[in-house]
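Chemist: Here's a structure for you.
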Amino acid sequence: MSAGITPVQKLTRGLLSLFTNFFLHGPYRIIHKSDELLGLQRYMKNGFVDLYHNVVTAMDYLVGKSS
């Protein structure tokens, strides 16, 4: 196995590359930022049909925000 890369990370990379072919990602904007949480909003367009998605992602920091 590659140093530091788990099977879950390999699967995640494979799924992301698959979705990259199906969805066109638009620019993102930060909608919330604190020491505990980062919130992003972005748009995606389906590459095959005229269908758009509004995506909101929230991420928390494992140990806290560094700088």
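Residue names in the structure tokens use chain letters A, B, ... in the order shown, residue numbers from 1 in each chain, and ligand numbers from 1 in the order shown.
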Just want the 8 Å neighbourhood of Gly39 of chain A, counted on only C-alpha atoms, with same-chain residues fewer than 5 positions away dropped. Output as number ranges by chain.

Modeler: A: 30-33, 56-59

Chemist: Can you pull out the residues contacting Tyr43 of chain A? Cut-off 7 Å, using only C-alpha atoms, and skip same-chain residues under 4 positions away; I want them as an MDAnalysis selection string.

Modeler: chainID A and resid 25:26 53:55

Chemist: Name the residues in contact with Leu51 of chain A at a cut-off of 12 Å, using only C-alpha atoms, excluding same-chain residues fewer than 6 positions from it; report them as a list of chain:residue names.

Modeler: A:Phe22, A:Phe23, A:Leu24, A:Tyr43, A:Met44, A:Lys45

Chemist: Go through chain A and collect every residue that DSSP, computed from the backbone, puts in strand (DSSP E or B); the answer should be as a ChimeraX atom specification.

Modeler: /A:23-33,37-46,52-60

Chemist: What does the file look like for those residues with C-alpha atoms, as a tab-separated table (two decimals), in the first residue's frame?

Modeler:
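Output saved as out_15.tsv:
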```tsv
chain	number	residue	atom	x	y	z
A	23	PHE	CA	-20.79	17.68	-12.97
A	24	LEU	CA	-19.36	21.09	-13.82
A	25	HIS	CA	-18.46	22.88	-10.61
A	26	GLY	CA	-18.97	26.62	-10.34
A	27	PRO	CA	-17.18	29.05	-8.09
A	28	TYR	CA	-17.69	28.72	-4.36
A	29	ARG	CA	-18.18	31.31	-1.66
A	30	ILE	CA	-17.61	31.14	2.06
A	31	ILE	CA	-20.92	31.53	3.90
A	32	HIS	CA	-19.64	30.87	7.43
A	33	LYS	CA	-16.19	30.95	8.97
A	37	LEU	CA	-16.52	25.45	11.35
A	38	LEU	CA	-16.18	26.43	7.70
A	39	GLY	CA	-19.30	26.65	5.49
A	40	LEU	CA	-19.14	26.83	1.68
A	41	GLN	CA	-21.84	27.36	-0.98
A	42	ARG	CA	-21.37	26.52	-4.66
A	43	TYR	CA	-23.30	25.59	-7.78
A	44	MET	CA	-22.97	22.49	-9.93
A	45	LYS	CA	-24.35	21.81	-13.40
A	46	ASN	CA	-25.05	18.35	-14.70
A	52	TYR	CA	-28.37	22.72	-11.74
A	53	HIS	CA	-27.64	22.02	-8.07
A	54	ASN	CA	-27.02	24.41	-5.18
A	55	VAL	CA	-24.57	22.68	-2.81
A	56	VAL	CA	-23.83	23.71	0.77
A	57	THR	CA	-20.90	22.06	2.56
A	58	ALA	CA	-20.02	22.38	6.25
A	59	MET	CA	-16.66	21.23	7.57
A	60	ASP	CA	-15.44	21.17	11.12
```

Chemist: Which distance in Å separates atom CA of Tyr61 of chain A and atom CA of Gln9 of chain A, to one decimal?

Modeler: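 One can read the atom CA of Tyr61 of chain A to atom CA of Gln9 of chain A distance as 18.2 Å.
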
Chemist: Taking the chain letters and numbering used in this document, name the residues of chain A that DSSP puts in alpha helix (DSSP H), as a list in words.

Modeler: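 So the alpha helix (DSSP H) residues in chain A would be Pro7, Val8, Gln9, Lys10, Leu11, Thr12, Arg13, Gly14, Leu15, Leu16, Ser17, Leu18, Phe19, Thr20, Asn21 and Phe22 of chain A.
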
Chemist: Pull N, CA and C atoms from the residues just selected and write them as a short mmCIF file (atom, residue, chain, number, x, y, z; two decimals), in the first residue's frame.

Modeler:
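For reference, again-v3.cif as written:
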```cif
data_model
loop_
_atom_site.label_atom_id
_atom_site.label_comp_id
_atom_site.auth_asym_id
_atom_site.auth_seq_id
_atom_site.Cartn_x
_atom_site.Cartn_y
_atom_site.Cartn_z
N PRO A 7 -7.31 2.72 1.79
CA PRO A 7 -8.27 2.32 0.75
C PRO A 7 -9.46 3.27 0.63
N VAL A 8 -9.89 3.85 1.76
CA VAL A 8 -11.01 4.80 1.72
C VAL A 8 -10.61 6.05 0.93
N GLN A 9 -9.38 6.51 1.12
CA GLN A 9 -8.90 7.68 0.35
C GLN A 9 -8.83 7.36 -1.14
N LYS A 10 -8.39 6.15 -1.48
CA LYS A 10 -8.34 5.76 -2.89
C LYS A 10 -9.75 5.72 -3.49
N LEU A 11 -10.71 5.17 -2.74
CA LEU A 11 -12.09 5.13 -3.20
C LEU A 11 -12.65 6.54 -3.37
N THR A 12 -12.36 7.42 -2.41
CA THR A 12 -12.83 8.80 -2.49
C THR A 12 -12.27 9.49 -3.72
N ARG A 13 -10.99 9.31 -3.98
CA ARG A 13 -10.38 9.92 -5.18
C ARG A 13 -11.02 9.39 -6.46
N GLY A 14 -11.31 8.09 -6.49
CA GLY A 14 -11.96 7.50 -7.66
C GLY A 14 -13.35 8.05 -7.87
N LEU A 15 -14.12 8.19 -6.79
CA LEU A 15 -15.47 8.74 -6.90
C LEU A 15 -15.43 10.20 -7.33
N LEU A 16 -14.48 10.96 -6.79
CA LEU A 16 -14.38 12.37 -7.19
C LEU A 16 -14.04 12.50 -8.66
N SER A 17 -13.15 11.66 -9.16
CA SER A 17 -12.82 11.74 -10.59
C SER A 17 -14.01 11.33 -11.44
N LEU A 18 -14.82 10.39 -10.96
CA LEU A 18 -16.03 9.98 -11.68
C LEU A 18 -17.03 11.13 -11.73
N PHE A 19 -17.27 11.79 -10.58
CA PHE A 19 -18.23 12.89 -10.53
C PHE A 19 -17.73 14.11 -11.30
N THR A 20 -16.43 14.28 -11.44
CA THR A 20 -15.89 15.40 -12.20
C THR A 20 -16.36 15.32 -13.65
N ASN A 21 -16.50 14.12 -14.17
CA ASN A 21 -16.96 13.95 -15.55
C ASN A 21 -18.45 14.25 -15.71
N PHE A 22 -19.22 14.11 -14.65
CA PHE A 22 -20.67 14.31 -14.73
C PHE A 22 -21.11 15.72 -14.35
#
```
